[in-house]
>>> print(open('entry_22.cif').read())   # mmCIF, C-alpha atoms
data_target
loop_
_atom_site.label_atom_id
_atom_site.label_comp_id
_atom_site.auth_asym_id
_atom_site.auth_seq_id
_atom_site.Cartn_x
_atom_site.Cartn_y
_atom_site.Cartn_z
CA MET U 705 32.86 99.23 83.44
CA SER U 706 35.80 97.65 81.63
CA LEU U 707 37.51 94.64 83.17
CA PRO U 708 41.07 94.98 84.54
CA GLN U 709 43.58 94.37 81.76
CA PRO U 710 46.21 91.64 82.22
CA VAL U 711 49.91 92.49 82.03
CA PRO U 712 50.92 92.16 78.36
CA PRO U 713 54.02 90.19 77.35
CA SER U 714 57.36 91.95 77.16
CA TRP U 715 58.79 93.11 73.83
CA LYS U 716 61.00 90.04 73.48
CA ASP U 717 58.01 87.76 74.17
CA LEU U 718 55.77 89.15 71.42
CA GLY U 719 55.14 86.15 69.16
CA LYS U 720 56.65 83.81 71.77
CA SER U 721 54.11 81.02 71.25
CA SER U 722 54.99 80.76 67.57
CA ASN U 723 58.73 81.13 68.20
CA ASP U 724 58.69 78.37 70.82
CA LEU U 725 56.69 76.08 68.57
CA LEU U 726 59.13 76.52 65.68
CA GLY U 727 62.37 76.90 67.63
CA LYS U 728 62.32 74.75 70.76
CA ASP U 729 62.64 70.96 71.19
CA TYR U 730 64.64 70.42 67.99
CA PRO U 731 68.07 69.40 69.39
CA PHE U 732 69.67 68.48 66.06
CA HIS U 733 72.86 70.54 66.44
CA GLY U 734 74.61 68.03 68.69
CA ALA U 735 74.39 66.34 72.07
CA THR U 736 73.37 68.28 75.18
CA LEU U 737 73.20 67.29 78.82
CA GLU U 738 71.62 69.43 81.55
CA VAL U 739 71.48 68.58 85.25
CA LYS U 740 69.58 70.69 87.81
CA THR U 741 69.44 70.24 91.57
CA LYS U 742 67.87 72.31 94.35
CA THR U 743 68.73 72.48 98.04
CA PRO U 744 66.26 73.06 100.91
CA SER U 745 67.82 76.53 101.38
CA ASP U 746 66.61 77.70 97.93
CA VAL U 747 69.98 77.33 96.22
CA THR U 748 69.76 75.87 92.72
CA PHE U 749 72.69 74.33 90.86
CA LYS U 750 72.77 73.69 87.12
CA VAL U 751 75.46 72.00 85.04
CA ALA U 752 75.07 72.02 81.26
CA GLY U 753 77.27 70.78 78.44
CA THR U 754 76.93 70.71 74.65
CA ARG U 755 78.93 68.96 71.96
CA ASP U 756 78.47 70.64 68.59
CA SER U 757 78.12 68.05 65.85
CA LYS U 758 79.78 70.28 63.23
CA SER U 759 82.79 71.68 65.09
CA GLU U 760 82.94 68.82 67.65
CA ILE U 761 83.69 71.45 70.30
CA ILE U 762 82.38 70.73 73.79
CA ALA U 763 81.17 73.77 75.74
CA GLY U 764 79.63 73.90 79.17
CA ASP U 765 78.90 75.96 82.24
CA VAL U 766 78.24 75.64 85.96
CA GLU U 767 75.56 77.86 87.49
CA ALA U 768 74.54 78.52 91.08
CA LYS U 769 71.42 80.53 91.91
CA TYR U 770 70.23 81.74 95.30
CA THR U 771 66.68 83.05 95.74
CA ASN U 772 65.31 84.95 98.72
CA ARG U 773 61.60 85.17 97.94
CA LYS U 774 60.77 87.16 101.07
CA HIS U 775 62.99 90.05 100.02
CA GLY U 776 62.61 89.56 96.23
CA LEU U 777 66.33 88.97 95.79
CA THR U 778 68.00 86.56 93.36
CA PHE U 779 71.74 86.10 92.88
CA THR U 780 73.16 83.99 90.03
CA GLN U 781 76.79 83.11 89.39
CA THR U 782 77.98 81.24 86.27
CA TRP U 783 81.39 79.92 85.20
CA THR U 784 81.82 78.66 81.64
CA THR U 785 84.39 76.42 79.97
CA SER U 786 85.54 79.54 78.06
CA ASN U 787 86.61 80.90 81.50
CA ILE U 788 83.91 83.58 81.45
CA LEU U 789 82.55 84.59 84.86
CA ARG U 790 78.96 85.88 84.79
CA SER U 791 77.05 87.41 87.69
CA GLN U 792 73.46 88.58 87.95
CA VAL U 793 71.71 90.30 90.86
CA GLU U 794 67.91 90.78 90.68
CA LEU U 795 65.63 92.78 92.98
CA GLU U 796 61.87 92.53 92.39
CA ASN U 797 58.83 94.27 93.93
CA GLN U 798 60.84 95.95 96.69
CA ILE U 799 61.18 99.57 95.57
CA ALA U 800 57.76 99.60 93.88
CA LYS U 801 55.16 96.98 93.01
CA GLY U 802 55.75 95.70 89.48
CA LEU U 803 59.33 97.05 89.33
CA LYS U 804 62.28 94.69 88.82
CA LEU U 805 65.93 95.80 88.75
CA ASP U 806 68.89 93.65 87.82
CA LEU U 807 72.59 93.95 87.11
CA ASN U 808 74.34 91.59 84.67
CA THR U 809 78.12 91.49 84.54
CA SER U 810 80.68 89.27 82.84
CA LEU U 811 84.45 89.03 83.02
CA LEU U 812 87.00 87.19 80.88
CA PRO U 813 90.14 87.25 83.09
CA ASP U 814 92.50 86.05 80.34
CA LYS U 815 91.84 89.11 78.17
CA GLY U 816 90.45 91.50 80.74
CA THR U 817 87.22 91.80 78.76
CA LYS U 818 84.24 92.91 80.83
CA THR U 819 80.59 93.82 80.33
CA ALA U 820 77.95 95.39 82.56
CA LEU U 821 74.26 95.69 81.78
CA ILE U 822 71.77 97.47 84.05
CA ASN U 823 68.14 96.48 83.47
CA ALA U 824 64.80 97.75 84.73
CA VAL U 825 61.39 96.18 84.11
CA TYR U 826 58.08 97.77 85.08
CA LYS U 827 54.78 95.90 84.74
CA GLN U 828 51.24 97.05 85.42
CA SER U 829 47.78 96.30 84.07
CA GLY U 830 47.94 96.73 80.29
CA PHE U 831 51.52 97.99 80.40
CA HIS U 832 54.95 96.32 80.20
CA SER U 833 58.13 98.37 79.78
CA ARG U 834 61.85 97.57 79.92
CA ALA U 835 65.00 99.69 79.91
CA ALA U 836 68.64 98.64 79.71
CA LEU U 837 71.96 100.47 79.86
CA ASP U 838 75.03 98.77 78.40
CA VAL U 839 77.74 100.51 80.41
CA PHE U 840 80.84 99.54 78.43
CA LYS U 841 79.34 99.41 74.93
CA GLY U 842 78.62 102.97 73.87
CA PRO U 843 77.23 103.31 76.51
CA THR U 844 73.99 102.30 74.82
CA PHE U 845 70.54 102.85 76.28
CA THR U 846 67.74 100.54 75.06
CA ALA U 847 64.05 100.85 75.92
CA ASP U 848 60.90 99.04 74.82
CA THR U 849 57.24 99.21 75.77
CA VAL U 850 54.21 97.03 75.09
CA LEU U 851 50.64 98.20 75.61
CA GLY U 852 47.76 95.75 75.74
CA ARG U 853 44.00 96.04 75.81
CA ASP U 854 41.32 93.40 75.16
CA GLY U 855 43.89 91.12 73.49
CA PHE U 856 45.32 93.78 71.16
CA LEU U 857 49.03 94.48 71.57
CA LEU U 858 51.16 97.42 70.44
CA GLY U 859 54.90 97.58 71.05
CA ALA U 860 57.99 99.59 70.14
CA GLU U 861 61.72 99.41 70.81
CA THR U 862 64.59 101.87 70.37
CA ALA U 863 68.32 101.99 71.12
CA TYR U 864 70.26 105.20 71.74
CA ASN U 865 74.06 105.62 71.73
CA VAL U 866 74.78 108.02 74.59
CA THR U 867 78.29 108.96 73.42
CA GLU U 868 77.40 109.63 69.78
CA GLY U 869 74.00 111.08 70.60
CA ASN U 870 72.02 109.19 67.96
CA ILE U 871 69.40 106.46 67.66
CA THR U 872 71.09 103.27 66.49
CA ARG U 873 68.04 100.98 66.22
CA TYR U 874 64.28 101.11 66.29
CA ALA U 875 61.44 98.66 65.76
CA ALA U 876 57.68 98.29 66.17
CA ALA U 877 55.13 95.51 66.46
CA VAL U 878 51.38 94.91 66.58
CA GLY U 879 49.53 91.77 67.53
CA TYR U 880 46.47 90.08 68.92
CA SER U 881 46.50 87.36 71.56
CA ALA U 882 43.63 85.09 72.56
CA PRO U 883 43.63 81.91 74.68
CA GLU U 884 43.66 79.65 71.59
CA TYR U 885 45.56 81.70 69.01
CA ALA U 886 47.92 84.64 68.56
CA VAL U 887 49.02 86.78 65.62
CA THR U 888 52.03 89.13 65.63
CA ILE U 889 53.60 91.43 63.02
CA HIS U 890 57.08 92.91 63.58
CA GLY U 891 58.97 95.67 61.82
CA LEU U 892 62.61 95.18 62.84
CA ASN U 893 66.08 96.55 61.99
CA ASN U 894 64.91 100.14 61.52
CA LEU U 895 61.77 98.83 59.77
CA ASN U 896 63.84 97.12 57.07
CA THR U 897 62.90 93.57 58.11
CA PHE U 898 59.29 92.48 58.51
CA SER U 899 58.00 89.30 60.09
CA ALA U 900 54.52 87.88 60.60
CA SER U 901 53.75 84.90 62.80
CA TYR U 902 50.71 83.05 64.02
CA TYR U 903 50.06 80.36 66.61
CA HIS U 904 46.92 78.23 66.93
CA ARG U 905 46.02 75.69 69.60
CA VAL U 906 43.87 73.51 67.38
CA SER U 907 42.85 71.19 70.21
CA ALA U 908 44.09 70.06 73.59
CA ASP U 909 46.60 67.79 71.85
CA VAL U 910 47.54 69.68 68.66
CA GLU U 911 49.25 73.04 68.07
CA ALA U 912 50.19 74.69 64.78
CA GLY U 913 52.05 77.81 63.75
CA ALA U 914 53.94 79.61 61.00
CA LYS U 915 56.34 82.49 60.52
CA ALA U 916 57.24 84.56 57.46
CA ILE U 917 60.19 86.98 57.22
CA TYR U 918 60.87 89.57 54.53
CA ASP U 919 64.14 91.53 54.45
CA SER U 920 63.91 94.59 52.21
CA LYS U 921 67.72 94.90 52.18
CA SER U 922 68.33 91.32 51.11
CA THR U 923 69.88 90.85 47.67
CA HIS U 924 68.11 87.51 47.24
CA GLY U 925 64.61 88.89 47.70
CA GLY U 926 61.64 86.69 48.44
CA VAL U 927 60.07 85.69 51.74
CA ALA U 928 61.44 83.10 54.17
CA LEU U 929 58.58 80.87 55.33
CA GLU U 930 58.44 78.22 58.03
CA VAL U 931 55.46 76.16 59.22
CA GLY U 932 55.26 73.62 62.01
CA ALA U 933 53.03 71.58 64.29
CA LYS U 934 53.14 69.85 67.65
CA ALA U 935 51.12 66.83 68.78
CA TYR U 936 50.92 65.31 72.25
CA LEU U 937 51.02 61.51 72.15
CA ASP U 938 50.15 61.25 75.83
CA SER U 939 50.82 63.15 79.05
CA ALA U 940 54.53 62.28 78.91
CA ALA U 941 55.47 62.58 75.23
CA PHE U 942 55.02 64.81 72.20
CA ILE U 943 56.33 65.10 68.65
CA LYS U 944 57.07 68.20 66.59
CA ALA U 945 57.64 68.76 62.88
CA LYS U 946 58.43 71.80 60.75
CA ILE U 947 59.51 72.65 57.21
CA ASN U 948 60.81 75.83 55.60
CA ASN U 949 60.81 77.10 52.02
CA SER U 950 64.45 75.98 51.62
CA GLY U 951 63.28 72.39 51.83
CA VAL U 952 64.71 71.63 55.29
CA VAL U 953 62.48 69.31 57.32
CA ALA U 954 63.00 69.07 61.09
CA LEU U 955 61.55 66.50 63.46
CA GLY U 956 61.59 66.45 67.22
CA TYR U 957 60.49 63.89 69.80
CA THR U 958 60.42 64.53 73.57
CA GLN U 959 59.72 61.90 76.20
CA ALA U 960 59.48 62.26 79.97
CA LEU U 961 61.17 59.07 81.13
CA ARG U 962 60.31 59.62 84.79
CA PRO U 963 59.65 62.64 87.04
CA GLY U 964 62.58 65.01 86.54
CA VAL U 965 64.14 63.06 83.64
CA LYS U 966 63.45 64.10 80.07
CA ALA U 967 64.97 63.11 76.73
CA SER U 968 64.61 64.94 73.43
CA PHE U 969 65.73 63.76 69.99
CA GLY U 970 66.07 65.92 66.88
CA LEU U 971 66.57 65.32 63.17
CA ALA U 972 66.97 67.82 60.31
CA LEU U 973 66.88 66.71 56.66
CA ASP U 974 67.72 68.89 53.66
CA THR U 975 65.32 67.45 51.11
CA GLN U 976 67.17 69.18 48.27
CA LYS U 977 70.43 67.41 49.18
CA LEU U 978 69.29 63.95 50.19
CA ASN U 979 72.09 62.21 48.27
CA ALA U 980 74.54 65.11 47.89
CA VAL U 981 78.08 64.94 49.26
CA SER U 982 79.36 68.28 50.57
CA THR U 983 82.93 69.17 51.58
CA ALA U 984 81.48 71.57 54.15
CA GLY U 985 80.03 68.67 56.10
CA PRO U 986 76.84 66.60 56.17
CA SER U 987 73.65 68.27 54.96
CA HIS U 988 71.58 66.39 57.52
CA LYS U 989 71.80 66.77 61.28
CA VAL U 990 70.87 64.67 64.28
CA GLY U 991 71.10 65.35 67.99
CA VAL U 992 69.90 64.55 71.47
CA HIS U 993 69.19 66.47 74.69
CA PHE U 994 68.91 64.97 78.17
CA THR U 995 67.60 66.87 81.20
CA PHE U 996 67.81 65.73 84.82
CA ASP U 997 65.93 67.97 87.24
CA SER U 998 65.62 67.11 90.90
#
>>> encode(input="entry_22.cif", output="structure tokens")
Amino acid sequence: MSLPQPVPPSWKDLGKSSNDLLGKDYPFHGATLEVKTKTPSDVTFKVAGTRDSKSEIIAGDVEAKYTNRKHGLTFTQTWTTSNILRSQVELENQIAKGLKLDLNTSLLPDKGTKTALINAVYKQSGFHSRAALDVFKGPTFTADTVLGRDGFLLGAETAYNVTEGNITRYAAAVGYSAPEYAVTIHGLNNLNTFSASYYHRVSADVEAGAKAIYDSKSTHGGVALEVGAKAYLDSAAFIKAKINNSGVVALGYTQALRPGVKASFGLALDTQKLNAVSTAGPSHKVGVHFTFDS
């Protein structure tokens, strides 16, 4: 008798371990501050702000989230410095076990611009499927499904323009996931762009990963390659490093200063332009990210 299969990751989370290793905890694009607080009545507030080091523009948002775990209901309201109002209502495991419904809306009062996205997620043993309807864009219907068995993963995604009656995008992916490593291959953009990634937990303190991307429509040709690693210094700190085939080296250091307070520092160096002076701005980048979570 075969063992019950776990719920596989969603389409967007295929290759997540590698993507997180190579993409997160490198805050070299500017300075970011994030403050989170939670009330006894399950209301969470978050205030976040970012100063871009290149444009020097400061952007931020205020978010309030209410969660009713008993009835599987979550309501989130966000107001940004661009005067965009975002709302999200989520309902999980109420209509059927494993089914989650949510409605995402946004409104820009100054221009009257609005969006509405209806999402549905259904998860069962060995099966994870999502569907989304963009009401004001097309409307466009997007669906993806991932099947999993004994660590092997198979996924596909497609987008359909309801008004024009044609498929606007499709993609596929295969992968294998184990407790200590994962390998994923994607065929994206109507199977014109291919990516392969791997993640390996070498030991309890060391992780490594890489990602390669080939775009068949690119005029430059060649394969974009990026490799990186993460090492835990102790229970409260870790360092990360990565390099790509363009010669850009990125370093990241994250330290938990105390419970609920975390600081991250990032540095990116273009090794091919160490002494070059560019009118477009500095070739090297540095940044910092502070998080306060009560």
>>> residues_around(input="entry_22.cif", residues="segment 815-827 of chain U", least_positions_apart="6", cutoff="10 Å", atoms="only C-alpha atoms", output="VMD selection string")
chain U and resid 710 to 714 788 to 797 800 to 809 833 to 841 843 to 850
>>> closest_residue(input="entry_22.cif", among="U:Trp715, U:Ala954, U:Ser810, U:Gly852", to="Gln828 of chain U", atoms="all atoms listed in the file")
U:Gly852
>>> resolve_selection(input="entry_22.cif", expression="the PyMOL selection byres ((chain U and resi 914) around 8)", output="PyMOL selection string")
chain U and resi 722+726+901-903+912-913+915-916+929-932
>>> closest_residue(input="entry_22.cif", among="U:Ser920, U:Gln798, U:Thr975, U:Asn787", to="Ile947 of chain U", atoms="all atoms listed in the file")
U:Thr975
>>> closest_residue(input="entry_22.cif", among="U:Ser968, U:Thr958, U:Thr862, U:Ser829", to="Tyr874 of chain U", atoms="all atoms listed in the file")
U:Thr862
>>> residues_around(input="entry_22.cif", residues="Glu760 of chain U", least_positions_apart="6", cutoff="10 Å", atoms="all atoms listed in the file", output="list in words")
Gly734, Ala735 and Thr754 of chain U
>>> atom_distance(input="entry_22.cif", atom1="atom CA of Pro731 of chain U", atom2="atom CA of Tyr918 of chain U")
26.1 Å
>>> atom_distance(input="entry_22.cif", atom1="atom CA of Ala967 of chain U", atom2="atom CA of Ala933 of chain U")
19.2 Å
>>> closest_residue(input="entry_22.cif", among="U:Lys740, U:Arg773, U:Lys750, U:His890", to="Gly719 of chain U", atoms="all atoms listed in the file")
U:His890
>>> residues_around(input="entry_22.cif", residues="Arg755 of chain U", least_positions_apart="3", cutoff="12 Å", atoms="only C-alpha atoms", output="list of chain:residue names")
U:Pro731, U:Phe732, U:His733, U:Gly734, U:Ala735, U:Thr736, U:Leu737, U:Ala752, U:Lys758, U:Ser759, U:Glu760, U:Ile761, U:Ile762, U:Ala763, U:Gly764, U:Val990, U:Gly991, U:Val992, U:His993
>>> axis_aligned_box(input="entry_22.cif", around="segment 947-961 of chain U", padding_each_side="6 Å", output="JSON")
{"center_x": 62.1, "center_y": 68.1, "center_z": 66.4, "size_x": 17.2, "size_y": 30.0, "size_z": 41.5}
>>> resolve_selection(input="entry_22.cif", expression="the PyMOL selection byres ((chain U and resi 943) around 8)", output="list in words")
Lys934, Ala935, Tyr936, Leu937, Ala941, Phe942, Lys944, Ala945, Leu955, Gly956, Tyr957 and Thr958 of chain U
>>> closest_residue(input="entry_22.cif", among="U:Lys977, U:Ser939, U:Gln781, U:Ser922", to="Asp909 of chain U", atoms="all atoms listed in the file")
U:Ser939
>>> residues_around(input="entry_22.cif", residues="segment 741-745 of chain U", least_positions_apart="6", cutoff="12 Å", atoms="all atoms listed in the file", output="PDB file with C-alpha atoms, keeping the file's coordinate frame")
ATOM      1  CA  VAL U 751      75.460  72.000  85.040  1.00  0.00           C
ATOM      2  CA  ALA U 752      75.070  72.020  81.260  1.00  0.00           C
ATOM      3  CA  VAL U 766      78.240  75.640  85.960  1.00  0.00           C
ATOM      4  CA  GLU U 767      75.560  77.860  87.490  1.00  0.00           C
ATOM      5  CA  ALA U 768      74.540  78.520  91.080  1.00  0.00           C
ATOM      6  CA  LYS U 769      71.420  80.530  91.910  1.00  0.00           C
ATOM      7  CA  TYR U 770      70.230  81.740  95.300  1.00  0.00           C
ATOM      8  CA  THR U 771      66.680  83.050  95.740  1.00  0.00           C
ATOM      9  CA  ASN U 772      65.310  84.950  98.720  1.00  0.00           C
ATOM     10  CA  ARG U 773      61.600  85.170  97.940  1.00  0.00           C
ATOM     11  CA  GLY U 964      62.580  65.010  86.540  1.00  0.00           C
ATOM     12  CA  VAL U 965      64.140  63.060  83.640  1.00  0.00           C
ATOM     13  CA  THR U 995      67.600  66.870  81.200  1.00  0.00           C
ATOM     14  CA  PHE U 996      67.810  65.730  84.820  1.00  0.00           C
ATOM     15  CA  ASP U 997      65.930  67.970  87.240  1.00  0.00           C
ATOM     16  CA  SER U 998      65.620  67.110  90.900  1.00  0.00           C
TER      17      SER U 998
END
>>> atom_distance(input="entry_22.cif", atom1="atom CA of Asn893 of chain U", atom2="atom CA of Val866 of chain U")
19.1 Å
>>> resolve_selection(input="entry_22.cif", expression="the PyMOL selection byres ((chain U and resi 855) around 7)", output="count of residues only")
8
>>> residues_near_point(input="entry_22.cif", point="(49.9, 92.5, 65.9)", cutoff="6 Å", atoms="only C-alpha atoms", output="PyMOL selection string")
chain U and resi 878-880+887-889
